[in-house]
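**Student:** My structure file data.cif, mmCIF, C-alpha atoms (C1' of nucleotides), is below:
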data_target
loop_
_atom_site.label_atom_id
_atom_site.label_comp_id
_atom_site.auth_asym_id
_atom_site.auth_seq_id
_atom_site.Cartn_x
_atom_site.Cartn_y
_atom_site.Cartn_z
CA MET A 1 -68.29 -2.79 -115.32
CA ALA A 2 -69.62 -6.33 -114.92
CA ILE A 3 -67.39 -6.66 -111.94
CA ARG A 4 -69.01 -3.70 -110.31
CA GLU A 5 -72.39 -5.24 -110.92
CA ARG A 6 -71.39 -8.51 -109.35
CA ARG A 7 -70.10 -6.59 -106.37
CA GLU A 8 -73.37 -4.79 -105.96
CA ARG A 9 -75.29 -8.02 -106.33
CA GLU A 10 -73.21 -9.71 -103.67
CA ARG A 11 -73.65 -6.74 -101.44
CA ALA A 12 -77.42 -6.87 -101.85
CA GLU A 13 -77.37 -10.59 -101.10
CA ARG A 14 -75.43 -9.98 -97.95
CA GLU A 15 -77.93 -7.38 -96.86
CA ARG A 16 -80.71 -9.90 -97.39
CA ALA A 17 -78.72 -12.41 -95.37
CA ILE A 18 -78.44 -9.98 -92.48
CA ILE A 19 -82.17 -9.34 -92.45
CA SER A 20 -83.00 -13.04 -92.70
CA ALA A 21 -80.57 -13.94 -89.95
CA ALA A 22 -82.04 -11.26 -87.72
CA ARG A 23 -85.59 -12.42 -88.39
CA ASP A 24 -84.80 -16.10 -87.89
CA LEU A 25 -82.83 -15.51 -84.74
CA ALA A 26 -85.54 -13.24 -83.33
CA GLU A 27 -88.28 -15.74 -84.12
CA SER A 28 -86.42 -18.67 -82.62
CA GLU A 29 -84.84 -17.05 -79.56
CA GLY A 30 -86.40 -13.60 -79.23
CA TRP A 31 -85.00 -10.15 -79.94
CA ASP A 32 -82.80 -10.21 -76.87
CA ALA A 33 -80.77 -12.94 -78.53
CA VAL A 34 -80.24 -10.82 -81.63
CA THR A 35 -76.92 -9.15 -80.97
CA THR A 36 -74.62 -7.65 -83.53
CA ARG A 37 -72.00 -10.24 -82.61
CA ARG A 38 -74.31 -13.17 -83.21
CA LEU A 39 -75.61 -11.67 -86.43
CA ALA A 40 -72.08 -11.18 -87.65
CA ALA A 41 -71.22 -14.78 -86.81
CA GLU A 42 -74.35 -15.96 -88.57
CA ILE A 43 -73.50 -14.27 -91.85
CA GLU A 44 -69.82 -15.17 -91.43
CA TYR A 45 -68.54 -11.63 -91.56
CA SER A 46 -67.13 -9.41 -88.89
CA GLN A 47 -69.27 -7.09 -86.82
CA PRO A 48 -68.39 -3.77 -88.53
CA VAL A 49 -69.74 -5.10 -91.83
CA LEU A 50 -73.23 -4.78 -90.38
CA TYR A 51 -72.65 -1.08 -89.98
CA SER A 52 -71.77 -0.66 -93.63
CA HIS A 53 -75.29 -1.86 -94.43
CA PHE A 54 -77.32 -0.43 -91.56
CA LYS A 55 -76.96 2.54 -89.29
CA GLY A 56 -77.29 0.35 -86.23
CA LYS A 57 -79.24 -2.44 -84.63
CA GLU A 58 -82.49 -0.47 -84.72
CA ALA A 59 -82.19 -0.05 -88.46
CA ILE A 60 -81.80 -3.81 -88.86
CA MET A 61 -84.93 -4.35 -86.81
CA ALA A 62 -86.72 -1.78 -88.92
CA ALA A 63 -85.73 -3.67 -92.06
CA VAL A 64 -87.14 -6.87 -90.58
CA ALA A 65 -90.32 -5.02 -89.68
CA VAL A 66 -90.74 -3.74 -93.23
CA GLU A 67 -90.67 -7.32 -94.50
CA GLY A 68 -93.36 -8.17 -92.00
CA PHE A 69 -95.74 -5.53 -93.27
CA ALA A 70 -95.91 -7.29 -96.61
CA ASP A 71 -96.70 -10.63 -94.97
CA LEU A 72 -99.38 -9.13 -92.78
CA ALA A 73 -100.99 -7.28 -95.67
CA ARG A 74 -101.15 -10.54 -97.59
CA ASP A 75 -102.75 -12.42 -94.68
CA LEU A 76 -105.33 -9.71 -94.15
CA ALA A 77 -106.23 -9.54 -97.81
CA ALA A 78 -106.66 -13.30 -98.03
CA ALA A 79 -108.91 -13.35 -94.98
CA ARG A 80 -111.01 -10.47 -96.22
CA VAL A 81 -111.72 -11.76 -99.70
CA ALA A 82 -112.48 -15.26 -98.42
CA ALA A 83 -115.17 -14.00 -96.06
CA ALA A 84 -118.82 -14.54 -96.94
CA GLY A 85 -120.25 -11.18 -95.91
CA GLU A 86 -119.42 -7.79 -94.56
CA ARG A 87 -119.56 -8.65 -90.90
CA GLN A 88 -117.78 -11.92 -91.48
CA ALA A 89 -115.07 -9.94 -93.23
CA VAL A 90 -114.51 -7.85 -90.13
CA ALA A 91 -114.30 -10.99 -88.00
CA ALA A 92 -112.03 -12.71 -90.49
CA VAL A 93 -109.63 -9.80 -90.70
CA ALA A 94 -109.56 -9.51 -86.92
CA GLU A 95 -108.84 -13.20 -86.61
CA ALA A 96 -106.13 -13.02 -89.27
CA TYR A 97 -104.50 -10.08 -87.53
CA THR A 98 -104.32 -11.66 -84.09
CA SER A 99 -103.29 -14.98 -85.54
CA PHE A 100 -100.42 -13.30 -87.38
CA ALA A 101 -99.27 -11.76 -84.12
CA GLU A 102 -99.45 -15.10 -82.36
CA ARG A 103 -97.63 -17.00 -85.07
CA ARG A 104 -94.89 -14.43 -85.62
CA PRO A 105 -94.43 -12.74 -82.26
CA ALA A 106 -90.92 -11.45 -82.82
CA LEU A 107 -91.82 -10.08 -86.21
CA TYR A 108 -94.94 -8.48 -84.78
CA ASP A 109 -92.94 -6.82 -82.04
CA ALA A 110 -90.53 -5.31 -84.51
CA MET A 111 -93.46 -3.98 -86.50
CA PHE A 112 -95.65 -2.61 -83.76
CA THR A 113 -94.16 -2.78 -80.31
CA LEU A 114 -90.44 -2.13 -80.24
CA ARG A 115 -89.03 1.27 -80.78
CA VAL A 116 -87.80 1.34 -84.34
CA ASP A 117 -86.93 4.25 -86.52
CA LEU A 118 -89.73 4.06 -89.08
CA PRO A 119 -92.20 6.65 -90.29
CA PHE A 120 -95.76 5.45 -89.76
CA ALA A 121 -98.62 7.84 -90.30
CA SER A 122 -96.58 9.72 -92.87
CA PRO A 123 -96.25 9.87 -96.66
CA ASP A 124 -92.87 8.12 -96.64
CA ALA A 125 -93.97 5.10 -94.64
CA PRO A 126 -92.79 1.78 -96.09
CA ILE A 127 -95.03 0.83 -98.97
CA ASP A 128 -96.55 -2.29 -97.43
CA LEU A 129 -97.60 -0.53 -94.27
CA PRO A 130 -100.42 1.49 -95.85
CA ARG A 131 -101.32 -1.65 -97.78
CA GLY A 132 -102.02 -3.52 -94.55
CA PHE A 133 -103.91 -0.55 -93.18
CA ALA A 134 -105.93 -0.37 -96.37
CA GLU A 135 -106.95 -4.01 -95.96
CA LEU A 136 -108.24 -3.21 -92.51
CA ALA A 137 -109.99 -0.13 -93.82
CA ASP A 138 -111.67 -2.12 -96.60
CA ALA A 139 -113.07 -4.50 -94.03
CA VAL A 140 -114.17 -1.66 -91.78
CA ARG A 141 -115.74 0.49 -94.52
CA PRO A 142 -119.13 -1.26 -94.59
CA ILE A 143 -119.52 -0.83 -90.86
CA ALA A 144 -118.31 2.76 -90.73
CA ALA A 145 -121.76 4.22 -91.27
CA GLY A 146 -121.42 7.94 -90.73
CA ASP A 147 -118.10 7.68 -88.91
CA GLU A 148 -114.85 8.76 -90.42
CA LEU A 149 -113.28 5.66 -91.95
CA GLU A 150 -109.66 6.36 -91.13
CA ALA A 151 -110.22 7.12 -87.47
CA LEU A 152 -112.52 4.12 -87.09
CA THR A 153 -109.98 1.84 -88.73
CA GLU A 154 -107.27 3.16 -86.46
CA THR A 155 -109.49 2.52 -83.47
CA PHE A 156 -110.26 -1.01 -84.57
CA TRP A 157 -106.59 -1.64 -85.25
CA SER A 158 -105.72 -0.33 -81.80
CA ALA A 159 -108.17 -2.68 -80.17
CA LEU A 160 -106.66 -5.65 -81.99
CA HIS A 161 -103.19 -4.49 -81.07
CA GLY A 162 -104.17 -4.13 -77.44
CA LEU A 163 -105.70 -7.58 -77.29
CA VAL A 164 -102.62 -9.10 -78.81
CA THR A 165 -100.01 -7.33 -76.73
CA LEU A 166 -101.77 -7.71 -73.39
CA MET A 167 -102.27 -11.39 -74.05
CA ARG A 168 -98.74 -11.96 -75.23
CA SER A 169 -97.26 -10.27 -72.18
CA GLY A 170 -99.32 -12.46 -69.87
CA ARG A 171 -101.71 -9.69 -68.85
CA LEU A 172 -104.75 -11.44 -70.33
CA ARG A 173 -105.64 -15.11 -70.15
CA ARG A 174 -105.04 -16.73 -73.48
CA ALA A 175 -108.03 -19.03 -72.97
CA ASP A 176 -110.55 -16.19 -73.33
CA HIS A 177 -109.05 -14.75 -76.46
CA ALA A 178 -111.74 -15.94 -78.84
CA ARG A 179 -114.47 -14.58 -76.60
CA ARG A 180 -112.83 -11.17 -76.40
CA LEU A 181 -112.32 -11.09 -80.16
CA ALA A 182 -115.97 -11.95 -80.74
CA LEU A 183 -117.08 -9.23 -78.34
CA LEU A 184 -114.90 -6.67 -80.09
CA VAL A 185 -116.24 -7.53 -83.52
CA ASP A 186 -119.79 -7.56 -82.21
CA ARG A 187 -119.50 -4.13 -80.64
CA PHE A 188 -117.96 -2.66 -83.75
CA THR A 189 -120.53 -4.14 -86.12
CA ARG A 190 -123.58 -3.30 -84.03
CA GLY A 191 -126.32 -1.27 -85.58
CA THR A 192 -124.84 -1.16 -89.05
CA MET B 1 -84.50 -4.92 -29.76
CA ALA B 2 -85.09 -1.26 -30.54
CA ILE B 3 -81.89 -1.33 -32.53
CA ARG B 4 -83.19 -4.12 -34.66
CA GLU B 5 -86.35 -2.14 -35.26
CA ARG B 6 -84.41 0.92 -36.31
CA ARG B 7 -82.40 -1.23 -38.68
CA GLU B 8 -85.52 -2.64 -40.24
CA ARG B 9 -87.02 0.82 -40.51
CA GLU B 10 -83.92 2.15 -42.23
CA ARG B 11 -83.91 -0.79 -44.53
CA ALA B 12 -87.53 -0.20 -45.49
CA GLU B 13 -86.75 3.47 -46.09
CA ARG B 14 -83.89 2.54 -48.35
CA GLU B 15 -86.14 0.23 -50.31
CA ARG B 16 -88.62 3.08 -50.76
CA ALA B 17 -85.75 5.30 -51.89
CA ILE B 18 -84.75 2.78 -54.54
CA ILE B 19 -88.27 2.58 -55.93
CA SER B 20 -88.68 6.36 -55.91
CA ALA B 21 -85.34 6.89 -57.59
CA ALA B 22 -86.23 4.36 -60.26
CA ARG B 23 -89.61 5.95 -60.88
CA ASP B 24 -88.25 9.49 -60.99
CA LEU B 25 -85.37 8.59 -63.23
CA ALA B 26 -87.64 6.63 -65.56
CA GLU B 27 -90.16 9.47 -65.76
CA SER B 28 -87.54 12.11 -66.42
CA GLU B 29 -85.17 10.25 -68.74
CA GLY B 30 -86.91 7.00 -69.70
CA TRP B 31 -86.29 3.43 -68.61
CA ASP B 32 -83.13 3.16 -70.67
CA ALA B 33 -81.53 5.66 -68.32
CA VAL B 34 -82.41 3.57 -65.29
CA THR B 35 -79.30 1.50 -64.76
CA THR B 36 -78.26 -0.20 -61.57
CA ARG B 37 -75.20 2.04 -61.44
CA ARG B 38 -77.22 5.23 -61.66
CA LEU B 39 -79.75 3.97 -59.14
CA ALA B 40 -76.97 3.10 -56.73
CA ALA B 41 -75.45 6.56 -57.12
CA GLU B 42 -78.85 8.14 -56.58
CA ILE B 43 -79.43 6.43 -53.24
CA GLU B 44 -75.78 6.89 -52.29
CA TYR B 45 -75.05 3.22 -51.80
CA SER B 46 -73.05 0.79 -53.83
CA GLN B 47 -74.54 -1.30 -56.59
CA PRO B 48 -74.73 -4.66 -54.76
CA VAL B 49 -77.03 -3.13 -52.13
CA LEU B 50 -79.78 -3.06 -54.75
CA TYR B 51 -79.54 -6.81 -54.98
CA SER B 52 -80.10 -7.25 -51.26
CA HIS B 53 -83.49 -5.60 -51.76
CA PHE B 54 -84.51 -6.86 -55.20
CA LYS B 55 -83.73 -9.90 -57.25
CA GLY B 56 -82.66 -7.76 -60.17
CA LYS B 57 -83.57 -4.81 -62.30
CA GLU B 58 -86.85 -6.36 -63.44
CA ALA B 59 -87.95 -6.73 -59.84
CA ILE B 60 -87.28 -3.03 -59.26
CA MET B 61 -89.39 -2.17 -62.28
CA ALA B 62 -92.12 -4.46 -61.01
CA ALA B 63 -92.10 -2.61 -57.69
CA VAL B 64 -92.48 0.69 -59.52
CA ALA B 65 -95.35 -0.79 -61.53
CA VAL B 66 -97.16 -1.92 -58.40
CA GLU B 67 -97.14 1.65 -57.10
CA GLY B 68 -98.60 2.77 -60.40
CA PHE B 69 -101.59 0.47 -60.13
CA ALA B 70 -102.74 2.30 -57.03
CA ASP B 71 -102.48 5.67 -58.77
CA LEU B 72 -104.35 4.46 -61.81
CA ALA B 73 -107.10 2.88 -59.74
CA ARG B 74 -107.56 6.19 -57.94
CA ASP B 75 -107.75 8.17 -61.18
CA LEU B 76 -110.28 5.79 -62.67
CA ALA B 77 -112.45 5.81 -59.57
CA ALA B 78 -112.47 9.60 -59.46
CA ALA B 79 -113.44 9.84 -63.10
CA ARG B 80 -116.18 7.28 -62.78
CA VAL B 81 -117.93 8.72 -59.75
CA ALA B 82 -117.76 12.26 -61.14
CA ALA B 83 -119.54 11.26 -64.35
CA ALA B 84 -123.16 12.28 -64.82
CA GLY B 85 -124.52 9.08 -66.34
CA GLU B 86 -123.67 5.58 -67.40
CA ARG B 87 -122.38 6.39 -70.85
CA GLN B 88 -120.56 9.42 -69.58
CA ALA B 89 -118.91 7.15 -67.02
CA VAL B 90 -117.54 4.95 -69.77
CA ALA B 91 -116.22 7.98 -71.60
CA ALA B 92 -114.79 9.47 -68.43
CA VAL B 93 -113.00 6.31 -67.44
CA ALA B 94 -111.60 5.92 -70.94
CA GLU B 95 -110.38 9.49 -70.88
CA ALA B 96 -108.85 9.04 -67.43
CA TYR B 97 -107.07 5.89 -68.54
CA THR B 98 -105.48 7.35 -71.64
CA SER B 99 -104.65 10.56 -69.85
CA PHE B 100 -102.86 8.60 -67.13
CA ALA B 101 -100.79 6.84 -69.79
CA GLU B 102 -99.94 10.15 -71.42
CA ARG B 103 -99.00 11.88 -68.20
CA ARG B 104 -96.97 9.01 -66.75
CA PRO B 105 -95.54 7.21 -69.75
CA ALA B 106 -92.65 5.50 -68.00
CA LEU B 107 -94.87 4.33 -65.20
CA TYR B 108 -97.43 3.09 -67.69
CA ASP B 109 -94.79 1.14 -69.57
CA ALA B 110 -93.63 -0.60 -66.42
CA MET B 111 -97.21 -1.52 -65.65
CA PHE B 112 -98.43 -2.67 -69.03
CA THR B 113 -95.77 -2.78 -71.71
CA LEU B 114 -92.39 -3.87 -70.45
CA ARG B 115 -91.68 -7.39 -69.49
CA VAL B 116 -91.84 -7.54 -65.73
CA ASP B 117 -92.17 -10.48 -63.44
CA LEU B 118 -95.66 -9.89 -62.07
CA PRO B 119 -98.71 -12.15 -61.87
CA PHE B 120 -101.65 -10.54 -63.63
CA ALA B 121 -104.79 -12.56 -64.20
CA SER B 122 -104.06 -14.60 -61.11
CA PRO B 123 -105.13 -14.68 -57.44
CA ASP B 124 -101.78 -13.35 -56.22
CA ALA B 125 -101.71 -10.29 -58.43
CA PRO B 126 -100.75 -7.10 -56.59
CA ILE B 127 -103.75 -5.82 -54.70
CA ASP B 128 -104.21 -2.57 -56.60
CA LEU B 129 -104.26 -4.26 -59.96
CA PRO B 130 -107.67 -5.90 -59.56
CA ARG B 131 -108.83 -2.62 -58.02
CA GLY B 132 -108.10 -0.77 -61.24
CA PHE B 133 -109.70 -3.51 -63.26
CA ALA B 134 -112.75 -3.38 -61.03
CA GLU B 135 -113.10 0.34 -61.70
CA LEU B 136 -113.14 -0.35 -65.40
CA ALA B 137 -115.61 -3.17 -64.87
CA ASP B 138 -117.91 -0.93 -62.83
CA ALA B 139 -118.00 1.54 -65.68
CA VAL B 140 -118.55 -1.19 -68.25
CA ARG B 141 -121.26 -3.07 -66.28
CA PRO B 142 -124.21 -0.93 -67.40
CA ILE B 143 -123.29 -1.40 -71.05
CA ALA B 144 -122.55 -5.11 -70.81
CA ALA B 145 -126.10 -6.14 -71.60
CA GLY B 146 -126.04 -9.89 -72.05
CA ASP B 147 -122.30 -10.06 -72.55
CA GLU B 148 -119.96 -11.48 -69.97
CA LEU B 149 -118.68 -8.56 -67.91
CA GLU B 150 -115.13 -9.72 -67.38
CA ALA B 151 -114.42 -10.50 -71.02
CA LEU B 152 -116.04 -7.25 -72.14
CA THR B 153 -114.01 -5.25 -69.65
CA GLU B 154 -110.84 -6.94 -70.82
CA THR B 155 -111.74 -6.10 -74.39
CA PHE B 156 -112.42 -2.47 -73.58
CA TRP B 157 -109.20 -2.27 -71.60
CA SER B 158 -107.30 -3.77 -74.54
CA ALA B 159 -108.70 -1.18 -76.88
CA LEU B 160 -107.59 1.63 -74.59
CA HIS B 161 -104.20 0.05 -74.21
CA GLY B 162 -103.84 -0.29 -77.96
CA LEU B 163 -104.80 3.33 -78.58
CA VAL B 164 -102.31 4.49 -76.00
CA THR B 165 -99.36 2.36 -77.05
CA LEU B 166 -99.72 2.90 -80.79
CA MET B 167 -99.99 6.62 -80.27
CA ARG B 168 -97.09 6.79 -77.89
CA SER B 169 -94.82 4.85 -80.23
CA GLY B 170 -95.62 7.23 -83.07
CA ARG B 171 -97.80 4.76 -84.96
CA LEU B 172 -100.93 6.90 -84.62
CA ARG B 173 -101.26 10.64 -85.02
CA ARG B 174 -101.72 12.25 -81.66
CA ALA B 175 -104.00 14.87 -83.15
CA ASP B 176 -106.79 12.38 -83.81
CA HIS B 177 -106.71 10.82 -80.37
CA ALA B 178 -109.92 12.38 -79.09
CA ARG B 179 -111.80 11.33 -82.20
CA ARG B 180 -110.63 7.72 -81.87
CA LEU B 181 -111.52 7.66 -78.19
CA ALA B 182 -114.99 8.98 -78.94
CA LEU B 183 -115.48 6.35 -81.64
CA LEU B 184 -114.41 3.59 -79.28
CA VAL B 185 -116.78 4.68 -76.54
CA ASP B 186 -119.58 5.12 -79.04
CA ARG B 187 -119.17 1.65 -80.47
CA PHE B 188 -119.04 0.08 -77.04
CA THR B 189 -122.10 1.89 -75.75
CA ARG B 190 -124.27 1.40 -78.81
CA GLY B 191 -127.63 -0.25 -78.40
CA THR B 192 -127.48 -0.50 -74.64
"C1'" DT C 1 -45.49 -5.42 -111.61
"C1'" DC C 2 -46.95 -1.97 -108.96
"C1'" DC C 3 -50.28 1.26 -106.87
"C1'" DA C 4 -54.52 3.62 -105.26
"C1'" DG C 5 -58.67 2.87 -103.28
"C1'" DA C 6 -62.09 -0.14 -101.65
"C1'" DA C 7 -63.37 -3.85 -98.55
"C1'" DT C 8 -62.80 -6.02 -94.41
"C1'" DC C 9 -60.85 -7.23 -89.94
"C1'" DT C 10 -58.68 -6.78 -85.28
"C1'" DA C 11 -58.88 -4.60 -81.20
"C1'" DG C 12 -60.88 -1.79 -78.03
"C1'" DC C 13 -64.07 1.94 -75.82
"C1'" DG C 14 -67.52 2.78 -72.47
"C1'" DC C 15 -71.39 0.90 -70.97
"C1'" DC C 16 -74.58 -2.88 -69.10
"C1'" DG C 17 -76.56 -6.47 -65.26
"C1'" DC C 18 -74.80 -9.04 -61.86
"C1'" DT C 19 -71.67 -11.37 -58.20
"C1'" DA C 20 -67.54 -13.20 -55.49
"C1'" DG C 21 -64.76 -12.22 -51.76
"C1'" DG C 22 -63.06 -9.40 -48.32
"C1'" DA C 23 -63.21 -5.18 -45.17
"C1'" DA C 24 -65.65 -2.67 -41.71
"C1'" DC C 25 -68.66 -2.63 -38.22
"C1'" DA C 26 -71.85 -3.64 -34.39
"C1'" DA C 27 -73.78 -6.79 -30.67
"C1'" DG C 28 -73.38 -9.94 -27.22
"C1'" DA C 29 -69.99 -12.98 -24.12
"C1'" DG C 30 -66.32 -13.25 -21.01
"C1'" DC D 1 -62.92 -3.33 -21.74
"C1'" DT D 2 -61.74 -6.88 -24.98
"C1'" DC D 3 -62.75 -10.40 -27.97
"C1'" DT D 4 -65.59 -13.16 -31.10
"C1'" DT D 5 -69.17 -13.71 -34.29
"C1'" DG D 6 -72.34 -12.50 -37.62
"C1'" DT D 7 -74.14 -8.88 -40.45
"C1'" DT D 8 -73.64 -5.15 -43.67
"C1'" DC D 9 -71.53 -3.12 -47.27
"C1'" DC D 10 -67.93 -2.12 -50.71
"C1'" DT D 11 -64.22 -2.92 -54.14
"C1'" DA D 12 -63.21 -5.18 -58.03
"C1'" DG D 13 -64.23 -7.80 -61.78
"C1'" DC D 14 -66.81 -11.12 -65.18
"C1'" DG D 15 -68.85 -11.66 -69.53
"C1'" DG D 16 -71.50 -9.35 -72.79
"C1'" DC D 17 -73.54 -5.30 -75.13
"C1'" DG D 18 -73.64 -1.55 -79.35
"C1'" DC D 19 -70.51 0.69 -81.84
"C1'" DT D 20 -66.01 2.57 -84.06
"C1'" DA D 21 -60.98 3.85 -85.02
"C1'" DG D 22 -57.24 2.38 -87.37
"C1'" DA D 23 -54.64 -1.22 -89.51
"C1'" DT D 24 -54.63 -4.72 -93.00
"C1'" DT D 25 -55.82 -7.24 -96.93
"C1'" DC D 26 -57.62 -7.55 -101.35
"C1'" DT D 27 -58.44 -6.11 -106.22
"C1'" DG D 28 -58.90 -3.70 -110.68
"C1'" DG D 29 -56.47 -0.94 -113.69
"C1'" DA D 30 -51.97 1.72 -115.16
#
How would this structure read if it were set down as structure tokens?

**Tutor:**
Amino acid sequence: MAIRERRERERAERERAIISAARDLAESEGWDAVTTRRLAAEIEYSQPVLYSHFKGKEAIMAAVAVEGFADLARDLAAARVAAAGERQAVAAVAEAYTSFAERRPALYDAMFTLRVDLPFASPDAPIDLPRGFAELADAVRPIAAGDELEALTETFWSALHGLVTLMRSGRLRRADHARRLALLVDRFTRGT
Amino acid sequence: MAIRERRERERAERERAIISAARDLAESEGWDAVTTRRLAAEIEYSQPVLYSHFKGKEAIMAAVAVEGFADLARDLAAARVAAAGERQAVAAVAEAYTSFAERRPALYDAMFTLRVDLPFASPDAPIDLPRGFAELADAVRPIAAGDELEALTETFWSALHGLVTLMRSGRLRRADHARRLALLVDRFTRGT
DNA sequence: TCCAGAATCTAGCGCCGCTAGGAACAAGAG
DNA sequence: CTCTTGTTCCTAGCGGCGCTAGATTCTGGA
């Protein structure tokens, strides 16, 4: 029986290795460089082994994304609790969000841009996804006034996501990022 | 000389055919289905002919995107001038923008999501791109108050883009779209 | 020591974007 | 009308992709 356990442990370790290799490779060379052949070489197994752990490449990316949700939720929480007031909390969370996207672009893409097979606005979403959303919602709550909190949080999130993706793809000048972020926070916190 | 002219005309027609085929194929089956082989078959020429017109597949997508900017600019202009007042103009333009993205998803992706080799915030951006941006800016101007118009327009645009992309990728429930859009417009037009 | 079943690999399928090299063709010169 | 020259276009193929069938190797228990 102990043998079986060791087997399962080794298998779990290998799965972790696949996810780490995918994340590292994506962060250093972009997702285009993450091929099943390179991943297999990285973990020193043959290609088909990947398919005994994951349904396909998209599932590997989804697994990387799930890891990212935990990191993002942590960053957002830290920013929120460190803020001095309600409006500062909104600004701090916004800053933390965009900074996460800038620091971990490949991870961010897996989470929010690339097509991956993950349930989002659904009960069986990965556990850390609603956690991150809840952090945003906590920051937004004081400025929600009469508005529905969930929809307002989604809207705020969308705005942050738009800023980040348009800037990252070269559609917005990076230099004006801080100004745009300030404007967004200002408009959302007005009159509350 | 007339022969040369006919040649050039035919060549221009073929280039148009390539762009149309790419757009149609992308809109009916998605960009993944747009391969150089299928495009070549569609225009009834061999694959290498594509490369005598465009540097590569990305350049074809960029050409499709450029066409889209003209369409979007037209939609935005129509929405803006038909609106009854300043705030209604903001709402109308926002609605027109997201509706364009919903109706022409593949085109929208080429324009704003996929990596294409196009200059954006730069003097040599395709002519219709600043036109679309100017339409947005015209709608935003009355609500800019003391804020810098360009940065505010970029921020508003980003929010629309975020709403659209997160919804389209299944990260936001489609059912709440109108509510989110209304919240966005409300927050941007507050106190002006 | 042998065997059944699990674990893993080799080899290959059909596709991709892209390109080298040659065939077919048309335009001007004699 | 024939020949040369330059353009146009195609056939064929390169290396790489995600993924999988089938063979092979390994391993725990009889």

**Student:** Counting only C-alpha atoms, what are the residues of chain B within 6 Å of chain A, and for each of them which pair of atoms is the nearest and at what distance in Å, to one decimal? Sort the table by chain and rising number, as a tab-separated table.

**Tutor:**
residue	atom	partner	partner_atom	distance
B:Phe120	CA	A:Arg171	CA	5.3
B:Ala151	CA	A:Arg180	CA	5.6
B:Thr155	CA	A:Arg180	CA	5.6
B:Ser158	CA	A:Gly162	CA	4.3
B:Ala159	CA	A:Ala159	CA	3.7
B:His161	CA	A:Gly162	CA	5.3
B:Gly162	CA	A:Gly162	CA	3.9
B:Leu163	CA	A:Ser158	CA	5.0
B:Arg171	CA	A:Phe120	CA	5.3
B:Arg180	CA	A:Thr155	CA	5.6
B:Arg187	CA	A:Phe188	CA	5.5
B:Phe188	CA	A:Arg187	CA	5.6

**Student:** Since I can't run it myself right now, could you work out what the PyMOL selection byres ((chain C) within 12 of (chain A)) selects here and report it as a compact mmCIF listing (two decimals) with C-alpha atoms (C1' of nucleotides), in the coordinates of the input?

**Tutor:**
# COMPACT_ATOMS: atom_id res chain seq x y z
C1' DA C 6 -62.09 -0.14 -101.65
C1' DA C 7 -63.37 -3.85 -98.55
C1' DT C 8 -62.80 -6.02 -94.41
C1' DC C 9 -60.85 -7.23 -89.94
C1' DT C 10 -58.68 -6.78 -85.28

**Student:** Could you tell me which of B:Lys55, B:Arg11, B:Arg6, B:Arg174 comes closest to chain D if we count all atoms listed in the file?

**Tutor:**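 The shortest atom-to-atom distance to chain D comes from B:Arg11.
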
**Student:** Contacts from chain D to chain B, 10 Å maximum, only C-alpha atoms (C1' of nucleotides): show me the residue list as a CSV table (one decimal) with C-alpha atoms (C1' of nucleotides), keeping the file's coordinate frame.

**Tutor:**
chain,number,residue,atom,x,y,z
D,8,DT,C1',-73.6,-5.2,-43.7
D,9,DC,C1',-71.5,-3.1,-47.3
D,10,DC,C1',-67.9,-2.1,-50.7
D,11,DT,C1',-64.2,-2.9,-54.1

**Student:** For range 16-20 of chain C, work out the shell of residues within 8 Å, counting only C-alpha atoms (C1' of nucleotides) and skipping chain neighbours fewer than 4 positions away, then give it as a ChimeraX atom specification.

**Tutor:** /B:35-36,57 /D:17

**Student:** So the first atom is CA of Ala22 in chain B and the second is CA of Gly56 in chain B; what is the distance between them in Å, to one decimal place?

**Tutor:**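 Between CA of Ala22 in chain B and CA of Gly56 in chain B the gap works out to 12.6 Å.
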
**Student:** Write out as a count of residues only the residues lying within 12 Å of Leu39 in chain A, counting only C-alpha atoms (C1' of nucleotides) and excluding same-chain residues fewer than 5 positions away.

**Tutor:** 26

**Student:** If you apply the PyMOL selection byres ((chain A and resi 106) around 8) to this file, what residues do you get, as a PyMOL selection string?

**Tutor:** chain A and resi 23+26-27+30-31+104-105+107-110

**Student:** For CA of Arg168 in chain B and C1' of DC15 in chain C, determine how far apart the two atoms are, in Å to one decimal place.

**Tutor:**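 Separating CA of Arg168 in chain B from C1' of DC15 in chain C is a distance of 27.3 Å.
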
**Student:** As AutoDock Vina command-line options, what would the box around range 6-10 of chain D look like: edges along x, y and z, 8 Å added on every side, centre and edge lengths in Å to one decimal?

**Tutor:**
--center_x -71.0 --center_y -7.3 --center_z -44.2 --size_x 22.2 --size_y 26.4 --size_z 29.1

**Student:** Do you know which residues lie at most 12 Å from (-47.6, 2.5, -119.6), with coordinates as in the file and all atoms listed in the file counted, and could you write them as a list in words?

**Tutor:** DT1 and DC2 of chain C; DG29 and DA30 of chain D

**Student:** Would you mind reading off the distance between CA of Val66 in chain A and CA of Val90 in chain A, one decimal, in Å?

**Tutor:**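 Pair CA of Val66 in chain A / CA of Val90 in chain A returns 24.3 Å.
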
**Student:** Can you list what the PyMOL selection byres ((chain B and resi 132) around 12) grabs from this structure, as a ChimeraX atom specification?

**Tutor:** /B:66-78,80,93,96-97,111,120,125-131,133-139,153-154,157

**Student:** Dig up all the protein and nucleic acid residues within 12 Å of (-66.2, -4.7, -41.6) in the file frame, using all atoms listed in the file, and format them as a ChimeraX atom specification.

**Tutor:** /C:22-26 /D:5-10
